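Structure file upload_24.csv (CSV, C-alpha atoms) follows.
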chain,number,residue,atom,x,y,z
R,1,MET,CA,-6.1,85.9,148.5
R,2,VAL,CA,-3.3,87.7,146.6
R,3,ARG,CA,-1.0,90.3,148.1
R,4,ASN,CA,1.3,92.2,145.7
R,5,MET,CA,4.7,93.3,147.0
R,6,SER,CA,7.6,95.0,145.3
R,7,ASP,CA,8.9,92.0,143.4
R,8,TYR,CA,6.9,89.1,144.7
R,9,VAL,CA,3.3,88.0,145.4
R,10,ILE,CA,1.8,86.2,148.4
R,11,ARG,CA,-1.0,84.0,147.3
R,12,LEU,CA,-2.9,80.8,148.3
R,13,TYR,CA,-1.3,77.5,147.4
R,14,ASN,CA,-2.5,75.6,144.4
R,15,ASP,CA,-1.8,72.1,143.2
R,16,SER,CA,0.7,73.2,140.6
R,17,ASP,CA,3.0,74.4,143.4
R,18,TYR,CA,3.3,70.9,144.9
R,19,ASP,CA,6.8,69.9,143.8
R,20,ALA,CA,8.2,73.4,144.3
R,21,VAL,CA,6.9,73.6,147.8
R,22,ARG,CA,8.3,70.3,148.8
R,23,ASP,CA,11.7,71.1,147.2
R,24,LEU,CA,11.9,74.5,148.9
R,25,PHE,CA,11.1,73.0,152.3
R,26,ALA,CA,13.7,70.2,151.8
R,27,ARG,CA,16.4,72.8,150.7
R,28,GLY,CA,15.7,74.9,153.7
R,29,ILE,CA,16.2,72.0,156.1
R,30,ARG,CA,19.7,71.3,154.5
R,31,ASP,CA,21.0,74.6,156.0
R,32,HIS,CA,20.1,73.6,159.6
R,33,PRO,CA,22.7,70.9,160.4
R,34,ARG,CA,25.6,73.3,159.6
R,35,VAL,CA,24.1,76.0,161.8
R,36,ALA,CA,23.4,73.6,164.6
R,37,PHE,CA,26.9,72.1,164.3
R,38,ASN,CA,28.6,75.5,164.5
R,39,GLN,CA,26.5,76.5,167.4
R,40,ALA,CA,27.3,73.3,169.2
R,41,LEU,CA,31.1,73.8,168.8
R,42,ARG,CA,30.7,77.2,170.5
R,43,HIS,CA,28.9,75.8,173.5
R,44,PRO,CA,31.1,75.7,176.7
R,45,GLN,CA,30.0,72.1,177.6
R,46,ILE,CA,30.9,70.8,174.2
R,47,CYS,CA,34.2,72.7,174.2
R,48,ILE,CA,35.2,71.1,177.6
R,49,PHE,CA,34.1,67.7,176.3
R,50,LEU,CA,36.2,68.0,173.2
R,51,LEU,CA,39.2,69.1,175.3
R,52,VAL,CA,38.9,66.1,177.5
R,53,VAL,CA,38.6,63.8,174.4
R,54,PHE,CA,41.8,65.3,173.0
R,55,CYS,CA,43.8,65.2,176.3
R,56,PHE,CA,42.9,61.8,177.5
R,57,PRO,CA,44.7,59.8,174.8
R,58,LEU,CA,47.6,62.2,175.1
R,59,VAL,CA,47.9,61.7,178.9
R,60,ALA,CA,47.1,58.0,178.9
R,61,PHE,CA,49.1,56.8,175.9
R,62,GLY,CA,51.3,59.8,175.1
R,63,SER,CA,50.0,59.8,171.5
R,64,ILE,CA,49.1,62.9,169.6
R,65,LEU,CA,47.9,60.8,166.7
R,66,LEU,CA,45.4,59.0,169.0
R,67,SER,CA,44.3,62.4,170.4
R,68,VAL,CA,43.7,63.8,166.9
R,69,LEU,CA,41.8,60.7,165.8
R,70,ALA,CA,39.6,60.7,168.9
R,71,LEU,CA,38.8,64.3,168.4
R,72,ALA,CA,38.1,63.8,164.7
R,73,ALA,CA,35.8,60.9,165.5
R,74,VAL,CA,33.8,62.9,168.0
R,75,LEU,CA,33.4,65.8,165.6
R,76,VAL,CA,32.2,63.4,162.9
R,77,PHE,CA,29.7,61.9,165.3
R,78,ILE,CA,28.4,65.3,166.3
R,79,TRP,CA,28.1,66.3,162.6
R,80,LEU,CA,26.3,63.1,161.6
R,81,SER,CA,24.0,63.3,164.6
R,82,SER,CA,23.0,66.8,163.5
R,83,VAL,CA,22.5,65.8,159.9
R,84,MET,CA,20.5,62.7,160.7
R,85,GLY,CA,18.3,64.5,163.2
R,86,PHE,CA,17.2,67.1,160.6
R,87,GLN,CA,16.9,64.5,157.9
R,88,ALA,CA,14.5,62.5,160.1
R,89,TYR,CA,12.4,65.7,160.7
R,90,ALA,CA,12.3,66.5,156.9
R,91,LYS,CA,11.4,62.9,156.0
R,92,ALA,CA,8.6,62.9,158.6
R,93,THR,CA,7.2,66.2,157.3
R,94,LEU,CA,7.4,65.3,153.6
R,95,SER,CA,5.6,62.0,154.4
R,96,GLY,CA,3.1,63.8,156.7
R,97,ASP,CA,1.3,67.1,156.1
R,98,LEU,CA,3.4,68.0,152.9
R,99,LYS,CA,2.5,64.6,151.3
R,100,ASP,CA,-1.0,65.9,150.4
R,101,ILE,CA,-0.8,69.6,150.8
R,102,HIS,CA,-4.2,70.3,149.3
R,103,LYS,CA,-6.0,67.8,151.4
R,104,TYR,CA,-4.3,68.7,154.7
R,105,TYR,CA,-4.3,72.5,154.4
R,106,MET,CA,-6.8,73.6,151.8
R,107,GLN,CA,-9.7,71.3,152.6
R,108,CYS,CA,-9.6,71.3,156.4
R,109,ASN,CA,-11.3,74.0,158.5
R,110,GLY,CA,-8.8,76.4,160.1
R,111,HIS,CA,-5.9,75.1,158.0
R,112,CYS,CA,-4.3,77.2,155.1
R,113,PHE,CA,-1.1,77.4,153.1
R,114,TRP,CA,0.4,80.3,151.2
R,115,VAL,CA,3.3,80.7,148.8
R,116,ALA,CA,5.4,83.7,147.9
R,117,GLU,CA,6.0,83.8,144.1
R,118,SER,CA,8.6,85.8,142.3
R,119,ALA,CA,9.2,85.7,138.5
R,120,GLY,CA,6.9,82.7,138.3
R,121,GLN,CA,8.8,80.7,140.9
R,122,VAL,CA,7.9,79.7,144.5
R,123,VAL,CA,10.4,81.4,146.7
R,124,GLY,CA,8.6,81.2,150.1
R,125,ILE,CA,6.1,79.1,151.9
R,126,VAL,CA,4.1,79.1,155.2
R,127,GLY,CA,1.2,77.1,156.6
R,128,VAL,CA,-1.2,77.3,159.5
R,129,ARG,CA,-3.3,74.9,161.4
R,130,PRO,CA,-5.3,74.9,164.7
R,131,SER,CA,-3.0,74.3,167.7
R,132,ASP,CA,-3.8,71.3,169.9
R,133,THR,CA,-1.3,72.3,172.6
R,134,SER,CA,-3.1,75.3,174.0
R,135,PRO,CA,-6.3,75.6,176.1
R,136,GLU,CA,-7.3,78.8,174.1
R,137,LYS,CA,-8.2,79.0,170.5
R,138,CYS,CA,-4.8,79.3,168.8
R,139,LEU,CA,-3.5,79.0,165.3
R,140,GLU,CA,-0.1,77.4,164.8
R,141,LEU,CA,2.3,78.8,162.2
R,142,ILE,CA,4.4,76.0,160.5
R,143,ARG,CA,6.6,75.2,157.5
R,144,MET,CA,8.0,78.7,157.2
R,145,SER,CA,10.8,78.7,154.6
R,146,VAL,CA,12.3,81.2,152.1
R,147,ALA,CA,14.7,80.4,149.4
R,148,LYS,CA,18.2,81.4,150.3
R,149,GLU,CA,18.7,83.7,147.3
R,150,HIS,CA,15.5,85.6,148.2
R,151,ARG,CA,16.2,86.2,151.9
R,152,GLY,CA,16.5,89.8,153.1
R,153,LYS,CA,13.5,91.0,151.0
R,154,CYS,CA,10.9,90.9,153.8
R,155,ILE,CA,9.3,87.8,152.3
R,156,ALA,CA,9.2,85.9,155.6
R,157,LYS,CA,7.7,88.9,157.4
R,158,ALA,CA,5.0,89.2,154.7
R,159,LEU,CA,4.2,85.5,155.0
R,160,CYS,CA,4.0,85.9,158.8
R,161,ARG,CA,1.7,88.9,158.5
R,162,THR,CA,-0.5,86.9,156.1
R,163,ALA,CA,-0.9,84.1,158.6
R,164,ILE,CA,-1.6,86.6,161.4
R,165,ASN,CA,-4.3,88.3,159.4
R,166,PHE,CA,-5.9,85.0,158.6
R,167,ALA,CA,-6.0,84.1,162.3
R,168,ARG,CA,-7.5,87.5,163.1
R,169,ASP,CA,-10.2,87.1,160.4
R,170,LYS,CA,-11.0,83.6,161.8
R,171,ARG,CA,-11.2,85.1,165.3
R,172,TYR,CA,-8.4,83.1,166.8
R,173,LYS,CA,-7.0,84.5,170.1
R,174,SER,CA,-3.3,84.0,169.2
R,175,VAL,CA,-0.8,82.6,166.8
R,176,VAL,CA,1.8,80.2,168.2
R,177,LEU,CA,4.9,78.6,166.6
R,178,VAL,CA,7.9,76.5,167.6
R,179,THR,CA,11.5,77.1,166.5
R,180,THR,CA,14.9,76.1,167.8
R,181,THR,CA,18.0,77.9,169.2
R,182,PRO,CA,20.1,77.5,166.0
R,183,GLN,CA,17.5,79.5,164.0
R,184,ILE,CA,18.7,82.9,165.2
R,185,ALA,CA,17.5,84.7,162.1
R,186,GLY,CA,14.0,83.2,162.6
R,187,GLN,CA,14.0,84.3,166.3
R,188,ARG,CA,14.8,87.9,165.3
R,189,LEU,CA,12.1,87.9,162.6
R,190,TYR,CA,9.4,86.6,164.9
R,191,GLU,CA,10.4,89.0,167.8
R,192,SER,CA,10.5,92.0,165.4
R,193,ILE,CA,6.9,91.2,164.4
R,194,GLY,CA,5.7,91.0,167.9
R,195,PHE,CA,5.9,87.3,168.9
R,196,ARG,CA,7.3,86.7,172.4
R,197,CYS,CA,9.0,83.6,173.7
R,198,THR,CA,6.8,81.9,176.2
R,199,ASP,CA,8.8,78.7,176.9
R,200,LYS,CA,12.1,76.9,176.3
R,201,THR,CA,12.2,73.1,176.5
R,202,TYR,CA,15.0,70.6,176.2
R,203,PRO,CA,15.2,67.8,173.7
R,204,LYS,CA,15.0,64.2,175.1
R,205,ILE,CA,18.3,63.2,173.4
R,206,LEU,CA,21.4,63.9,175.5
R,207,LEU,CA,23.8,65.2,172.9
R,208,PRO,CA,21.6,68.1,171.8
R,209,ARG,CA,21.0,69.0,175.4
R,210,LEU,CA,24.7,69.2,176.1
R,211,ALA,CA,25.2,71.3,173.0
R,212,GLY,CA,22.7,73.9,174.3
R,213,PHE,CA,20.0,73.0,171.8
R,214,ARG,CA,16.6,74.3,172.9
R,215,ILE,CA,13.1,74.2,171.5
R,216,LEU,CA,11.6,77.7,171.7
R,217,HIS,CA,7.8,78.4,171.9
R,218,TYR,CA,6.6,81.7,170.6
R,219,LYS,CA,3.2,83.4,170.9
R,220,TYR,CA,1.5,86.4,169.2
R,221,GLY,CA,-1.5,87.6,171.1
R,222,LEU,CA,-4.1,88.9,168.7
R,223,SER,CA,-6.1,90.6,171.5
R,224,ALA,CA,-3.1,92.9,172.1
R,225,ALA,CA,-2.1,93.2,168.5
R,226,GLU,CA,-2.5,96.5,166.6

Write the structure described by the file as structure tokens, please.
Amino acid sequence: MVRNMSDYVIRLYNDSDYDAVRDLFARGIRDHPRVAFNQALRHPQICIFLLVVFCFPLVAFGSILLSVLALAAVLVFIWLSSVMGFQAYAKATLSGDLKDIHKYYMQCNGHCFWVAESAGQVVGIVGVRPSDTSPEKCLELIRMSVAKEHRGKCIAKALCRTAINFARDKRYKSVVLVTTTPQIAGQRLYESIGFRCTDKTYPKILLPRLAGFRILHYKYGLSAAE
């Protein structure tokens, strides 16, 4: 399957793409901690917590230095927690389904993987697999990523459409995906295509919960699709 766009091509994954796919996925994850950290600092509960952290040493000991050090320590902790969380996710993925992409996606029924290629380079990726979290026959869209320098060219939308068409051809009833609240651009993309948010869940770890971090579940119903 090959779809020609203006300056890129959407095609099926082949083994020569292996290193480029893994590198693109890893680079995409590196953007997430910064976005999540910035979003956390804007959340009211975190702002109040930081204010308390700053004021307590000032009131208790009358030391501005201790207040600044306490605030800096908490900010470093929040930053490192964000980095380590996404690093753990990336490591699990690279040692999981992206360890043997051909075997996991191209040899299993209902699985598939596509890349967007521009000027001979892989600039976008997306995969699908049958969902095991829904009672109906659903396909899950995963591993969506587009190189930063190629964003804004509708590559992500084309990859989504490719996955949706695959699901329709295989007679799935819907396409589902999971994203998180820091990924605002991704939410806008999915909603513009026709996905709707069906559920919001909280992470088990306390700090992300306090920072307003949510796991968002989206669904595209093929029966109602055009």

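Atom CA of R:Ile46 is found 15.7 Å from atom CA of R:Arg34.
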
Extract, using only C-alpha atoms, all DNA, RNA and protein residues at most 6 Å from R:Pro57, discarding same-chain residues fewer than 2 positions from it, and format them as a PyMOL selection string. chain R and resi 55+59-61+66-67

Smallest atom-to-atom distance to R:Met84: which of R:Ile29, R:Met144, R:Leu65, R:Ile184, using only C-alpha atoms? R:Ile29

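Every protein, DNA or RNA residue with an atom at most 12 Å from R:Glu136, where only C-alpha atoms count and chain neighbours fewer than 6 positions away do not, is listed here: R:Pro130, R:Arg171, R:Tyr172, R:Lys173, R:Ser174, R:Val175, R:Val176, R:Lys219, R:Gly221, R:Leu222.
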
What does the distance from atom CA of R:Asn14 to atom CA of R:Cys112 come to in Å, to one decimal?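 Separating atom CA of R:Asn14 from atom CA of R:Cys112 is a distance of 11.0 Å.
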
Sorted by chain and rising residue number, list the residues of stretch 70-176 of chain R at most 12 Å from stretch 190-201 of chain R (counting all atoms listed in the file), each with its closest atom pair and distance in Å to one decimal, as CSV.
residue,atom,partner,partner_atom,distance
R:Leu141,CA,R:Tyr190,CA,10.9
R:Met144,CA,R:Tyr190,CA,11.1
R:Cys154,CA,R:Ile193,CA,11.3
R:Ala156,CA,R:Tyr190,CA,9.3
R:Lys157,CA,R:Ile193,CA,7.4
R:Ala158,CA,R:Ile193,CA,10.1
R:Leu159,CA,R:Tyr190,CA,11.2
R:Cys160,CA,R:Tyr190,CA,8.2
R:Arg161,CA,R:Ile193,CA,8.2
R:Thr162,CA,R:Ile193,CA,11.9
R:Ile164,CA,R:Ile193,CA,10.1
R:Ser174,CA,R:Phe195,CA,9.8
R:Val175,CA,R:Phe195,CA,8.4
R:Val176,CA,R:Phe195,CA,8.2

Could you name the residues that touch R:Val128 at 7 Å or less, counting all atoms listed in the file, but leaving out those on the same chain fewer than 5 positions away, as a PyMOL selection string? chain R and resi 111-113+139-142+163

Taking all atoms listed in the file into account, produce a table as JSON lines in which each residue of stretch 1-56 of chain R with an atom at most 9 Å from an atom of stretch 180-183 of chain R appears once, together with its shortest atom pair and the distance in Å to one decimal, ordered by chain and rising number.
{"residue": "R:His32", "atom": "CA", "partner": "R:Pro182", "partner_atom": "CA", "distance": 7.5}
{"residue": "R:Val35", "atom": "CA", "partner": "R:Pro182", "partner_atom": "CA", "distance": 6.0}
{"residue": "R:Ala36", "atom": "CA", "partner": "R:Pro182", "partner_atom": "CA", "distance": 5.3}
{"residue": "R:Phe37", "atom": "CA", "partner": "R:Pro182", "partner_atom": "CA", "distance": 8.8}
{"residue": "R:Asn38", "atom": "CA", "partner": "R:Pro182", "partner_atom": "CA", "distance": 8.9}
{"residue": "R:Gln39", "atom": "CA", "partner": "R:Pro182", "partner_atom": "CA", "distance": 6.6}
{"residue": "R:Ala40", "atom": "CA", "partner": "R:Pro182", "partner_atom": "CA", "distance": 8.9}
